[in-house]
file start13.txt (compact mmCIF, C-alpha atoms and all ligand atoms)
# COMPACT_ATOMS: atom_id res chain seq x y z
CA MET A 1 -36.14 -2.74 18.83
CA ASP A 2 -32.40 -2.26 18.94
CA LEU A 3 -31.82 -2.13 15.18
CA LEU A 4 -28.45 -2.17 13.43
CA VAL A 5 -28.37 -0.97 9.82
CA LEU A 6 -25.19 -1.95 7.99
CA GLY A 7 -24.98 0.95 5.56
CA GLY A 8 -27.86 3.24 6.42
CA THR A 9 -26.39 6.49 5.12
CA ALA A 10 -27.36 6.23 1.42
CA PHE A 11 -30.68 6.07 -0.46
CA LEU A 12 -32.60 3.02 0.83
CA GLY A 13 -30.56 2.33 3.97
CA ARG A 14 -31.03 5.92 5.08
CA ALA A 15 -34.80 5.74 4.49
CA ILE A 16 -34.90 2.54 6.57
CA ALA A 17 -32.94 4.18 9.40
CA GLU A 18 -35.18 7.26 9.36
CA HIS A 19 -38.40 5.27 9.30
CA ALA A 20 -37.24 2.96 12.09
CA ARG A 21 -36.31 5.98 14.20
CA GLU A 22 -39.77 7.50 13.56
CA ARG A 23 -41.29 4.21 14.75
CA GLY A 24 -39.46 4.69 18.04
CA HIS A 25 -36.71 2.11 17.53
CA ALA A 26 -33.14 2.68 18.70
CA VAL A 27 -31.16 2.76 15.45
CA THR A 28 -27.43 2.34 14.92
CA CYS A 29 -25.93 2.74 11.43
CA LEU A 30 -22.47 1.54 10.41
CA ALA A 31 -20.68 2.91 7.33
CA ARG A 32 -17.37 4.47 6.33
CA GLY A 33 -18.79 7.99 6.65
CA THR A 34 -18.69 9.05 3.00
CA THR A 35 -22.00 10.80 3.65
CA PRO A 36 -23.33 11.90 7.06
CA PRO A 37 -25.93 9.75 8.84
CA ALA A 38 -29.56 10.71 9.42
CA GLU A 39 -30.34 12.73 12.52
CA GLY A 40 -31.22 10.84 15.66
CA VAL A 41 -29.34 7.62 14.92
CA ASP A 42 -26.16 6.33 16.55
CA PHE A 43 -23.39 6.22 13.98
CA VAL A 44 -20.37 3.93 13.89
CA VAL A 45 -17.64 4.69 11.36
CA ALA A 46 -16.01 1.47 10.15
CA ASP A 47 -14.85 -0.22 6.95
CA ARG A 48 -16.46 -3.63 6.39
CA ASP A 49 -13.69 -4.58 3.98
CA ASP A 50 -11.48 -4.96 7.06
CA ASP A 51 -11.71 -8.41 8.62
CA ASP A 52 -12.51 -6.86 12.03
CA GLY A 53 -14.62 -4.03 10.56
CA LEU A 54 -17.67 -4.99 12.65
CA ALA A 55 -15.80 -5.20 15.97
CA ALA A 56 -17.45 -2.03 17.34
CA VAL A 57 -20.96 -3.51 17.00
CA ALA A 58 -20.15 -7.14 17.83
CA ASP A 59 -20.29 -6.81 21.62
CA ARG A 60 -24.09 -6.78 21.97
CA ARG A 61 -27.15 -8.69 20.80
CA TRP A 62 -29.34 -6.83 18.27
CA ASP A 63 -33.07 -7.37 17.87
CA ALA A 64 -32.56 -7.11 14.11
CA VAL A 65 -29.76 -6.35 11.66
CA VAL A 66 -30.45 -4.90 8.19
CA ASP A 67 -27.77 -5.24 5.51
CA VAL A 68 -27.69 -3.68 2.01
CA THR A 69 -24.32 -5.08 0.96
CA ARG A 70 -23.48 -6.53 -2.42
CA GLN A 71 -20.17 -8.09 -1.30
CA PRO A 72 -20.41 -11.75 -0.19
CA GLY A 73 -17.38 -11.37 2.11
CA GLN A 74 -19.10 -8.53 3.98
CA ALA A 75 -22.24 -10.65 4.37
CA ARG A 76 -20.28 -13.69 5.59
CA ARG A 77 -18.36 -11.61 8.13
CA ALA A 78 -21.63 -10.06 9.39
CA VAL A 79 -23.05 -13.54 10.01
CA ARG A 80 -19.77 -14.64 11.62
CA ASP A 81 -19.34 -11.63 13.93
CA LEU A 82 -22.79 -10.29 14.87
CA ARG A 83 -25.45 -11.62 17.22
CA THR A 84 -29.09 -11.06 16.36
CA ASP A 85 -32.49 -12.74 16.36
CA HIS A 86 -33.40 -11.52 12.89
CA TRP A 87 -31.64 -10.53 9.68
CA VAL A 88 -33.01 -8.44 6.84
CA PHE A 89 -30.98 -8.63 3.67
CA VAL A 90 -31.76 -6.30 0.77
CA SER A 91 -31.17 -8.42 -2.31
CA SER A 92 -32.24 -7.60 -5.84
CA ALA A 93 -34.31 -8.77 -8.79
CA ASN A 94 -30.89 -9.35 -10.35
CA ALA A 95 -30.61 -12.47 -8.21
CA TYR A 96 -32.91 -14.26 -10.69
CA ARG A 97 -31.23 -16.15 -13.49
CA SER A 98 -33.48 -14.90 -16.27
CA PHE A 99 -36.41 -12.66 -17.01
CA ASP A 100 -37.87 -14.48 -19.99
CA SER A 101 -41.37 -14.35 -18.50
CA PRO A 102 -43.22 -11.86 -16.28
CA ASP A 103 -44.46 -12.32 -12.71
CA LEU A 104 -41.55 -14.43 -11.46
CA PRO A 105 -42.35 -16.10 -8.13
CA GLU A 106 -39.77 -16.26 -5.33
CA SER A 107 -39.17 -19.92 -6.27
CA ALA A 108 -37.82 -19.02 -9.75
CA PRO A 109 -34.22 -20.14 -10.47
CA LEU A 110 -31.44 -17.93 -9.13
CA HIS A 111 -27.90 -17.39 -10.39
CA GLU A 112 -25.18 -19.65 -9.08
CA PRO A 113 -23.70 -17.88 -6.02
CA LEU A 114 -20.42 -16.02 -6.47
CA ALA A 115 -17.64 -18.08 -4.91
CA GLY A 116 -15.32 -15.25 -3.91
CA ASP A 117 -15.69 -12.56 -1.26
CA VAL A 118 -15.68 -9.55 -3.59
CA MET A 119 -17.59 -8.96 -6.81
CA ALA A 120 -15.25 -7.75 -9.52
CA ASP A 121 -17.79 -5.78 -11.57
CA MET A 122 -21.52 -5.32 -12.13
CA GLU A 123 -21.60 -8.46 -14.32
CA GLN A 124 -21.23 -10.35 -11.03
CA TYR A 125 -23.91 -8.36 -9.20
CA GLY A 126 -26.63 -11.05 -9.42
CA PRO A 127 -24.36 -13.96 -8.38
CA ALA A 128 -22.92 -11.76 -5.59
CA LYS A 129 -26.40 -11.02 -4.22
CA VAL A 130 -27.23 -14.75 -4.31
CA ALA A 131 -24.05 -15.52 -2.33
CA CYS A 132 -25.06 -12.87 0.23
CA GLU A 133 -28.59 -14.36 0.42
CA ASP A 134 -27.07 -17.79 1.10
CA ALA A 135 -24.99 -16.40 3.97
CA PHE A 136 -28.03 -14.87 5.69
CA ARG A 137 -30.23 -17.89 5.06
CA ALA A 138 -27.62 -20.09 6.74
CA ALA A 139 -27.32 -17.78 9.75
CA GLU A 140 -28.86 -18.45 13.12
CA GLY A 141 -32.26 -16.77 13.56
CA THR A 142 -34.87 -15.75 11.01
CA ALA A 143 -34.07 -13.83 7.80
CA THR A 144 -36.14 -11.64 5.51
CA ILE A 145 -34.62 -11.72 2.03
CA VAL A 146 -35.92 -8.72 0.08
CA ARG A 147 -35.61 -9.07 -3.73
CA ALA A 148 -36.14 -5.46 -4.66
CA GLY A 149 -37.15 -4.30 -8.11
CA LEU A 150 -36.30 -0.81 -9.36
CA ILE A 151 -36.37 1.62 -6.44
CA GLY A 152 -37.30 5.27 -7.04
CA GLY A 153 -38.33 8.44 -5.29
CA TYR A 154 -36.55 10.94 -3.08
CA GLY A 155 -32.79 10.40 -3.06
CA ASP A 156 -32.62 8.26 -6.22
CA ASP A 157 -29.08 9.20 -7.13
CA SER A 158 -29.18 7.01 -10.27
CA GLY A 159 -31.61 9.55 -11.77
CA ARG A 160 -33.79 6.82 -13.26
CA SER A 161 -37.02 7.83 -11.52
CA GLY A 162 -36.18 11.54 -11.57
CA TYR A 163 -35.13 12.12 -15.16
CA TYR A 164 -38.52 12.41 -16.91
CA PRO A 165 -40.27 14.61 -14.32
CA TRP A 166 -37.18 16.80 -14.23
CA ARG A 167 -36.97 16.98 -18.03
CA PHE A 168 -40.67 17.87 -18.36
CA ALA A 169 -40.07 20.60 -15.76
CA HIS A 170 -36.94 21.85 -17.62
CA PRO A 171 -37.64 21.33 -21.33
CA THR A 172 -35.11 22.20 -24.01
CA GLY A 173 -37.77 22.79 -26.69
CA PRO A 174 -41.40 22.20 -27.64
CA ASP A 175 -41.40 18.54 -26.59
CA VAL A 176 -39.65 15.96 -24.41
CA LEU A 177 -37.92 13.17 -26.32
CA ALA A 178 -38.85 9.67 -25.25
CA PRO A 179 -38.65 6.20 -26.77
CA ASP A 180 -41.34 5.13 -29.22
CA ALA A 181 -42.13 1.98 -27.24
CA PRO A 182 -45.88 1.61 -26.68
CA GLU A 183 -45.40 -1.94 -25.42
CA ALA A 184 -42.71 -1.04 -22.83
CA THR A 185 -43.58 -1.21 -19.15
CA CYS A 186 -41.71 -0.49 -15.94
CA GLY A 187 -42.38 -0.90 -12.24
CA ILE A 188 -40.94 1.39 -9.56
CA VAL A 189 -41.21 0.81 -5.84
CA ASP A 190 -41.00 4.04 -3.84
CA VAL A 191 -38.04 4.07 -1.48
CA ALA A 192 -40.30 5.26 1.34
CA ASP A 193 -42.77 2.38 0.83
CA LEU A 194 -39.97 -0.16 0.66
CA ALA A 195 -38.27 1.26 3.77
CA GLU A 196 -41.56 1.16 5.69
CA TRP A 197 -42.12 -2.47 4.76
CA ILE A 198 -38.53 -3.47 5.57
CA VAL A 199 -38.91 -2.05 9.08
CA LEU A 200 -42.20 -4.00 9.41
CA SER A 201 -40.45 -7.16 8.22
CA ALA A 202 -37.89 -6.71 11.00
CA GLU A 203 -40.56 -5.98 13.63
CA GLU A 204 -42.50 -9.09 12.65
CA ARG A 205 -39.44 -11.24 11.91
CA MET A 206 -40.77 -12.33 8.55
CA ASP A 207 -38.89 -15.37 7.36
CA GLY A 208 -38.03 -16.17 3.75
CA ALA A 209 -37.70 -14.44 0.38
CA PHE A 210 -40.05 -11.71 -0.81
CA ASN A 211 -40.24 -9.96 -4.17
CA ALA A 212 -40.68 -6.24 -3.52
CA CYS A 213 -41.43 -4.25 -6.65
CA GLY A 214 -43.88 -1.64 -7.84
CA PRO A 215 -46.75 -2.48 -10.19
CA SER A 216 -45.84 -2.77 -13.84
CA ILE A 217 -47.00 0.37 -15.68
CA PRO A 218 -46.81 1.23 -19.41
CA LEU A 219 -43.95 3.66 -20.04
CA THR A 220 -46.42 5.92 -21.89
CA GLU A 221 -48.41 6.23 -18.63
CA ILE A 222 -45.25 6.94 -16.65
CA LEU A 223 -44.41 9.72 -19.12
CA ALA A 224 -47.93 11.15 -18.81
CA ALA A 225 -47.62 11.09 -15.02
CA ALA A 226 -44.17 12.73 -15.20
CA ARG A 227 -45.65 15.49 -17.36
CA ARG A 228 -48.50 16.08 -14.89
CA VAL A 229 -46.04 16.17 -11.98
CA ALA A 230 -43.90 18.79 -13.77
CA GLY A 231 -46.84 21.21 -13.91
CA PRO A 232 -49.23 22.81 -16.38
CA GLY A 233 -46.51 24.34 -18.60
CA ALA A 234 -44.82 21.04 -19.43
CA PRO A 235 -44.64 20.20 -23.15
CA PRO A 236 -45.87 16.89 -24.60
CA PRO A 237 -43.61 13.86 -25.08
CA ARG A 238 -42.36 13.05 -28.58
CA ALA A 239 -41.84 9.40 -29.47
CA VAL A 240 -38.48 8.66 -31.10
CA PRO A 241 -38.06 5.35 -32.97
CA ALA A 242 -35.66 2.87 -31.42
CA GLU A 243 -33.49 2.76 -34.60
CA VAL A 244 -32.98 6.55 -34.46
CA LEU A 245 -31.98 6.32 -30.79
CA ALA A 246 -29.58 3.46 -31.50
CA GLU A 247 -27.98 5.41 -34.35
CA ALA A 248 -27.55 8.42 -32.05
CA GLY A 249 -25.84 6.21 -29.44
CA ILE A 250 -28.66 6.60 -26.92
CA SER A 251 -29.36 3.59 -24.78
CA GLY A 252 -32.25 2.55 -22.58
CA TRP A 253 -32.67 1.93 -18.84
CA MET A 254 -29.97 4.06 -17.18
CA GLY A 255 -26.64 5.83 -17.41
CA PRO A 256 -25.37 8.79 -19.42
CA ALA A 257 -26.92 9.44 -22.87
CA SER A 258 -29.91 7.26 -22.04
CA LEU A 259 -33.67 7.34 -21.99
CA PRO A 260 -34.25 5.72 -18.62
CA LEU A 261 -36.85 3.17 -17.56
CA TRP A 262 -37.02 1.83 -21.13
CA ILE A 263 -35.74 -1.73 -21.50
CA ASP A 264 -34.41 -1.78 -25.05
CA ASP A 265 -33.04 -5.33 -25.02
CA PRO A 266 -35.93 -7.76 -25.78
CA ALA A 267 -34.18 -10.48 -23.73
CA ASP A 268 -34.63 -8.32 -20.62
CA ARG A 269 -38.10 -7.00 -21.30
CA PHE A 270 -39.59 -8.63 -18.21
CA PHE A 271 -36.75 -7.44 -15.97
CA GLY A 272 -37.97 -6.56 -12.51
CA LYS A 273 -41.56 -7.63 -13.23
CA MET A 274 -41.91 -10.02 -10.34
CA ASP A 275 -44.91 -11.39 -8.53
CA ALA A 276 -44.99 -9.31 -5.34
CA ALA A 277 -48.16 -10.92 -3.93
CA ARG A 278 -46.28 -12.45 -1.00
CA ALA A 279 -44.85 -9.09 0.14
CA GLN A 280 -48.20 -7.38 -0.45
CA ALA A 281 -49.97 -9.97 1.69
CA ALA A 282 -47.32 -9.25 4.33
CA GLY A 283 -48.05 -5.51 4.28
CA LEU A 284 -46.11 -3.96 1.37
CA ARG A 285 -48.06 -0.94 0.14
CA THR A 286 -47.12 0.97 -3.00
CA ARG A 287 -48.12 4.58 -3.51
CA SER A 288 -49.13 6.07 -6.89
CA ILE A 289 -46.54 6.62 -9.60
CA GLU A 290 -47.32 10.38 -9.46
CA GLU A 291 -46.28 10.52 -5.82
CA THR A 292 -43.03 8.68 -6.51
CA LEU A 293 -42.20 10.87 -9.52
CA ALA A 294 -43.01 14.02 -7.52
CA SER A 295 -40.60 12.91 -4.78
CA ALA A 296 -37.95 12.08 -7.38
CA LEU A 297 -38.42 15.53 -8.97
CA ALA A 298 -38.08 17.21 -5.57
CA TYR A 299 -34.74 15.42 -5.17
CA GLU A 300 -33.56 16.32 -8.70
CA GLU A 301 -34.22 19.99 -7.93
CA VAL A 302 -31.83 19.95 -4.97
CA ARG A 303 -29.32 17.26 -5.89
CA GLU A 304 -25.68 18.23 -5.55
CA THR A 305 -24.24 15.37 -7.62
CA PRO A 306 -24.30 15.28 -11.43
CA ARG A 307 -27.39 13.63 -12.94
CA ARG A 308 -26.41 10.07 -13.89
CA ALA A 309 -29.23 9.19 -16.30
CA GLY A 310 -31.08 10.72 -19.21
CA LEU A 311 -30.07 13.15 -21.93
CA SER A 312 -28.14 16.33 -21.24
CA ASP A 313 -29.64 19.54 -22.64
CA ASP A 314 -27.16 19.42 -25.54
CA GLU A 315 -27.91 15.79 -26.32
CA GLU A 316 -31.65 16.41 -26.41
CA ILE A 317 -31.28 19.54 -28.53
CA ARG A 318 -29.00 17.72 -31.01
CA LEU A 319 -31.34 14.75 -31.26
CA ARG A 320 -34.38 16.99 -31.83
CA ALA A 321 -32.53 18.91 -34.54
CA ALA A 322 -31.65 15.63 -36.26
CA LEU A 323 -35.29 14.50 -36.08
CA ASP A 324 -36.58 17.82 -37.41
CA GLY A 325 -33.96 17.80 -40.18
CA ALA A 326 -35.02 14.30 -41.15
CA GLY A 327 -38.40 15.80 -41.46
N1 LIG A 401 -31.46 1.25 -6.61
C1 LIG A 401 -32.21 0.27 -7.08
O1 LIG A 401 -33.07 0.48 -7.95
C2 LIG A 401 -32.06 -1.12 -6.51
C3 LIG A 401 -32.80 -2.15 -7.08
C4 LIG A 401 -32.73 -3.42 -6.48
C5 LIG A 401 -31.94 -3.62 -5.37
N2 LIG A 401 -31.20 -2.61 -4.88
C6 LIG A 401 -30.44 -2.84 -3.66
O2 LIG A 401 -30.97 -1.98 -2.71
C7 LIG A 401 -29.96 -1.58 -1.80
C8 LIG A 401 -29.84 -0.08 -1.86
O3 LIG A 401 -29.33 0.32 -0.62
P1 LIG A 401 -28.70 1.74 -0.41
O4 LIG A 401 -29.36 2.68 -1.33
O5 LIG A 401 -28.72 2.04 1.04
O6 LIG A 401 -27.24 1.27 -0.82
P2 LIG A 401 -25.95 1.81 -1.44
O7 LIG A 401 -26.10 3.05 -2.20
O8 LIG A 401 -25.34 0.62 -2.05
O9 LIG A 401 -25.16 2.23 -0.08
C9 LIG A 401 -24.26 1.40 0.53
C10 LIG A 401 -24.18 1.74 2.03
O10 LIG A 401 -23.18 0.94 2.61
C11 LIG A 401 -22.09 1.75 3.07
N3 LIG A 401 -20.85 1.07 2.68
C12 LIG A 401 -20.38 0.83 1.43
N4 LIG A 401 -19.18 0.22 1.48
C13 LIG A 401 -18.90 0.06 2.81
C14 LIG A 401 -17.80 -0.51 3.52
N5 LIG A 401 -16.72 -1.02 2.88
N6 LIG A 401 -17.83 -0.50 4.87
C15 LIG A 401 -18.88 0.03 5.55
N7 LIG A 401 -19.96 0.56 4.92
C16 LIG A 401 -19.96 0.58 3.57
C17 LIG A 401 -22.26 3.08 2.37
O11 LIG A 401 -21.73 4.16 3.12
P3 LIG A 401 -20.17 4.59 2.94
O12 LIG A 401 -19.92 4.70 1.46
O13 LIG A 401 -20.04 5.89 3.67
O14 LIG A 401 -19.37 3.51 3.59
C18 LIG A 401 -23.81 3.17 2.30
O15 LIG A 401 -24.33 3.58 3.55
C19 LIG A 401 -28.69 -2.27 -2.25
O16 LIG A 401 -28.63 -3.49 -1.56
C20 LIG A 401 -28.95 -2.54 -3.73
O17 LIG A 401 -28.21 -3.63 -4.17
C21 LIG A 401 -31.24 -1.37 -5.42

call {"tool": "encode", "arguments": {"input": "start13.txt", "output": "structure tokens"}}
result
Amino acid sequence: MDLLVLGGTAFLGRAIAEHARERGHAVTCLARGTTPPAEGVDFVVADRDDDDGLAAVADRRWDAVVDVTRQPGQARRAVRDLRTDHWVFVSSANAYRSFDSPDLPESAPLHEPLAGDVMADMEQYGPAKVACEDAFRAAEGTATIVRAGLIGGYGDDSGRSGYYPWRFAHPTGPDVLAPDAPEATCGIVDVADLAEWIVLSAEERMDGAFNACGPSIPLTEILAAARRVAGPGAPPPRAVPAEVLAEAGISGWMGPASLPLWIDDPADRFFGKMDAARAQAAGLRTRSIEETLASALAYEEVRETPRRAGLSDDEEIRLRAALDGAG
């Protein structure tokens, strides 16, 4: 295949480009060049915010085009300017309007599409993804719409999948602080598994929407796996009540001063828990959580950017001291 990846230099897009190249496809990536492309791919430097940003790749017909954008204007211009038999658009679980029940099918209600070309902030992320989906669905040719759940593994710059294995491998005391949330669950799809399936979806021109998420696993089991991955010297986890975390200003899910992977807002407790049977029947395979956490740890050990999730050493030490003082 002659495959064009719009993006293709960051986490998932890069994994797609690398896997496609390993499968023997001719891969071209287009991005602004903030980070270098993978080896062995053709690279076009261009800014898709420019109206003619795709001019350099518009003069030929592609077997498939993969897009990871979140900006509806970029998606609409791709459909307007490029010629291909098949589109793959990486959408998100955030496209769904609500997560008030688990195992959402692909037919569950979506947000209203964003009307404008540019999403102003992350509040508009879901509607923006729906607007992008609409653009690719309306395009000529077939389109795989990939509604991805949380993606983890090597290269996860958000730090969500890497924080716990890294923290167990680099403890600040006799335990690793974690939320006291025995009912909490989380699913992570490994970036390598998702990339492999996305390339397959392009090869086979799969048409329609597919939920692509990892199996839902209790957070306590994820923590146990993270501890095993960190090695025999790793200390045990210590469960911290949600009220204590809230008082200390520590949030769930992601970001600074957080305990990641824990959904602390009950309204969102089924977030990302979608029914992935359709993608599985079409070949999506998901590796074990240990393998994903081990890959995420390998990345944390070499990352050059600041960690963007979890507790800093100081934050964990202060929280433990407060817990011990409270006795
Ligand atoms: N991480 C998760 O857990 C998660 C969950 C669900 C869905 N998703 C979706 O999965 C996808 C992740 O893909 P990713 O990791 O490859 O994406 P990403 O981190 O969003 O990377 C964006 C790519 O597009 C390029 N780009 C950005 N602005 C551009 C512009 N104006 N012109 C040209 N290129 C531009 C970037 O390179 P330059 O900056 O150099 O231009 C980069 O290659 C996204 O669609 C995301 O919404 C993620």

call {"tool": "residues_around", "arguments": {"input": "start13.txt", "residues": "Phe136 in chain A", "least_positions_apart": "3", "cutoff": "9 Å", "atoms": "only C-alpha atoms", "output": "VMD selection string"}}
result
chain A and resid 75 to 76 78 to 79 87 to 89 131 to 133 139 to 140 142 to 145

call {"tool": "write_last_selection", "arguments": {"input": "start13.txt", "atoms": "C-alpha atoms", "output": "PDB file, in the coordinates of the input"}}
result
ATOM      1  CA  ALA A  75     -22.240 -10.650   4.370  1.00  0.00           C
ATOM      2  CA  ARG A  76     -20.280 -13.690   5.590  1.00  0.00           C
ATOM      3  CA  ALA A  78     -21.630 -10.060   9.390  1.00  0.00           C
ATOM      4  CA  VAL A  79     -23.050 -13.540  10.010  1.00  0.00           C
ATOM      5  CA  TRP A  87     -31.640 -10.530   9.680  1.00  0.00           C
ATOM      6  CA  VAL A  88     -33.010  -8.440   6.840  1.00  0.00           C
ATOM      7  CA  PHE A  89     -30.980  -8.630   3.670  1.00  0.00           C
ATOM      8  CA  ALA A 131     -24.050 -15.520  -2.330  1.00  0.00           C
ATOM      9  CA  CYS A 132     -25.060 -12.870   0.230  1.00  0.00           C
ATOM     10  CA  GLU A 133     -28.590 -14.360   0.420  1.00  0.00           C
ATOM     11  CA  ALA A 139     -27.320 -17.780   9.750  1.00  0.00           C
ATOM     12  CA  GLU A 140     -28.860 -18.450  13.120  1.00  0.00           C
ATOM     13  CA  THR A 142     -34.870 -15.750  11.010  1.00  0.00           C
ATOM     14  CA  ALA A 143     -34.070 -13.830   7.800  1.00  0.00           C
ATOM     15  CA  THR A 144     -36.140 -11.640   5.510  1.00  0.00           C
ATOM     16  CA  ILE A 145     -34.620 -11.720   2.030  1.00  0.00           C
TER      17      ILE A 145
END

call {"tool": "residues_near_ligand", "arguments": {"input": "start13.txt", "ligand": "ligand LIG 401 (chain A)", "cutoff": "8 Å", "atoms": "all atoms listed in the file", "output": "PyMOL selection string"}}
result
chain A and resi 6-15+30-36+45-50+53+67-70+74+89-94+129+147-152+156+158

call {"tool": "atom_distance", "arguments": {"input": "start13.txt", "atom1": "CA of Arg228 in chain A", "atom2": "CA of Glu290 in chain A"}}
result
8.0 Å

call {"tool": "closest_residue", "arguments": {"input": "start13.txt", "among": "A:Ser216, A:Ser288, A:Ser161, A:Ser258", "to": "Phe271 in chain A", "atoms": "all atoms listed in the file"}}
result
A:Ser216

call {"tool": "closest_residue", "arguments": {"input": "start13.txt", "among": "A:Arg285, A:Gln71, A:Ala202, A:Asp275", "to": "Met122 in chain A", "atoms": "all atoms listed in the file"}}
result
A:Gln71

call {"tool": "decode", "arguments": {"input": "start13.txt", "residues": "range 47-69 of chain A", "atoms": "N, CA and C atoms", "output": "CSV table (one decimal), in the first residue's frame"}}
result
chain,number,residue,atom,x,y,z
A,47,ASP,N,2.1,22.5,7.5
A,47,ASP,CA,1.2,22.9,8.6
A,47,ASP,C,-0.2,22.8,8.0
A,48,ARG,N,-1.0,21.9,8.6
A,48,ARG,CA,-2.4,21.7,8.2
A,48,ARG,C,-3.3,22.8,8.6
A,49,ASP,N,-2.9,23.8,9.4
A,49,ASP,CA,-3.7,24.9,9.7
A,49,ASP,C,-3.8,25.9,8.5
A,50,ASP,N,-2.8,25.7,7.6
A,50,ASP,CA,-2.8,26.5,6.3
A,50,ASP,C,-3.8,25.9,5.4
A,51,ASP,N,-4.5,26.8,4.7
A,51,ASP,CA,-5.6,26.2,3.8
A,51,ASP,C,-5.0,25.3,2.7
A,52,ASP,N,-3.7,25.6,2.2
A,52,ASP,CA,-3.1,24.7,1.2
A,52,ASP,C,-2.0,23.8,1.9
A,53,GLY,N,-2.2,23.5,3.2
A,53,GLY,CA,-1.2,22.7,3.9
A,53,GLY,C,-1.0,21.3,3.4
A,54,LEU,N,-1.9,20.8,2.6
A,54,LEU,CA,-1.8,19.4,2.1
A,54,LEU,C,-1.4,19.4,0.6
A,55,ALA,N,-1.0,20.6,0.1
A,55,ALA,CA,-0.7,20.6,-1.3
A,55,ALA,C,0.4,19.6,-1.8
A,56,ALA,N,1.4,19.4,-0.9
A,56,ALA,CA,2.5,18.5,-1.3
A,56,ALA,C,2.1,17.1,-1.4
A,57,VAL,N,1.0,16.7,-0.9
A,57,VAL,CA,0.6,15.3,-0.9
A,57,VAL,C,-0.8,15.1,-1.7
A,58,ALA,N,-1.2,16.2,-2.4
A,58,ALA,CA,-2.5,16.1,-3.0
A,58,ALA,C,-2.4,15.7,-4.5
A,59,ASP,N,-1.1,15.5,-5.0
A,59,ASP,CA,-1.0,15.3,-6.4
A,59,ASP,C,-1.0,13.8,-6.8
A,60,ARG,N,-1.3,12.9,-5.8
A,60,ARG,CA,-1.3,11.5,-6.2
A,60,ARG,C,-2.5,10.8,-5.4
A,61,ARG,N,-2.8,9.6,-5.9
A,61,ARG,CA,-3.8,8.8,-5.2
A,61,ARG,C,-3.2,7.9,-4.2
A,62,TRP,N,-3.7,7.9,-3.0
A,62,TRP,CA,-3.2,7.0,-1.9
A,62,TRP,C,-4.1,5.8,-1.8
A,63,ASP,N,-3.5,4.7,-1.4
A,63,ASP,CA,-4.3,3.5,-1.1
A,63,ASP,C,-5.1,3.7,0.1
A,64,ALA,N,-4.5,4.4,1.1
A,64,ALA,CA,-5.2,4.7,2.3
A,64,ALA,C,-4.5,5.9,3.0
A,65,VAL,N,-5.4,6.7,3.7
A,65,VAL,CA,-4.9,7.8,4.4
A,65,VAL,C,-5.4,7.7,5.9
A,66,VAL,N,-4.4,7.8,6.8
A,66,VAL,CA,-4.7,7.7,8.3
A,66,VAL,C,-4.6,9.1,8.8
A,67,ASP,N,-5.6,9.5,9.6
A,67,ASP,CA,-5.6,10.9,10.2
A,67,ASP,C,-5.8,10.8,11.7
A,68,VAL,N,-5.0,11.5,12.5
A,68,VAL,CA,-5.2,11.5,14.0
A,68,VAL,C,-5.7,12.9,14.5
A,69,THR,N,-6.2,13.7,13.6
A,69,THR,CA,-6.5,15.1,14.0
A,69,THR,C,-7.6,15.2,15.0
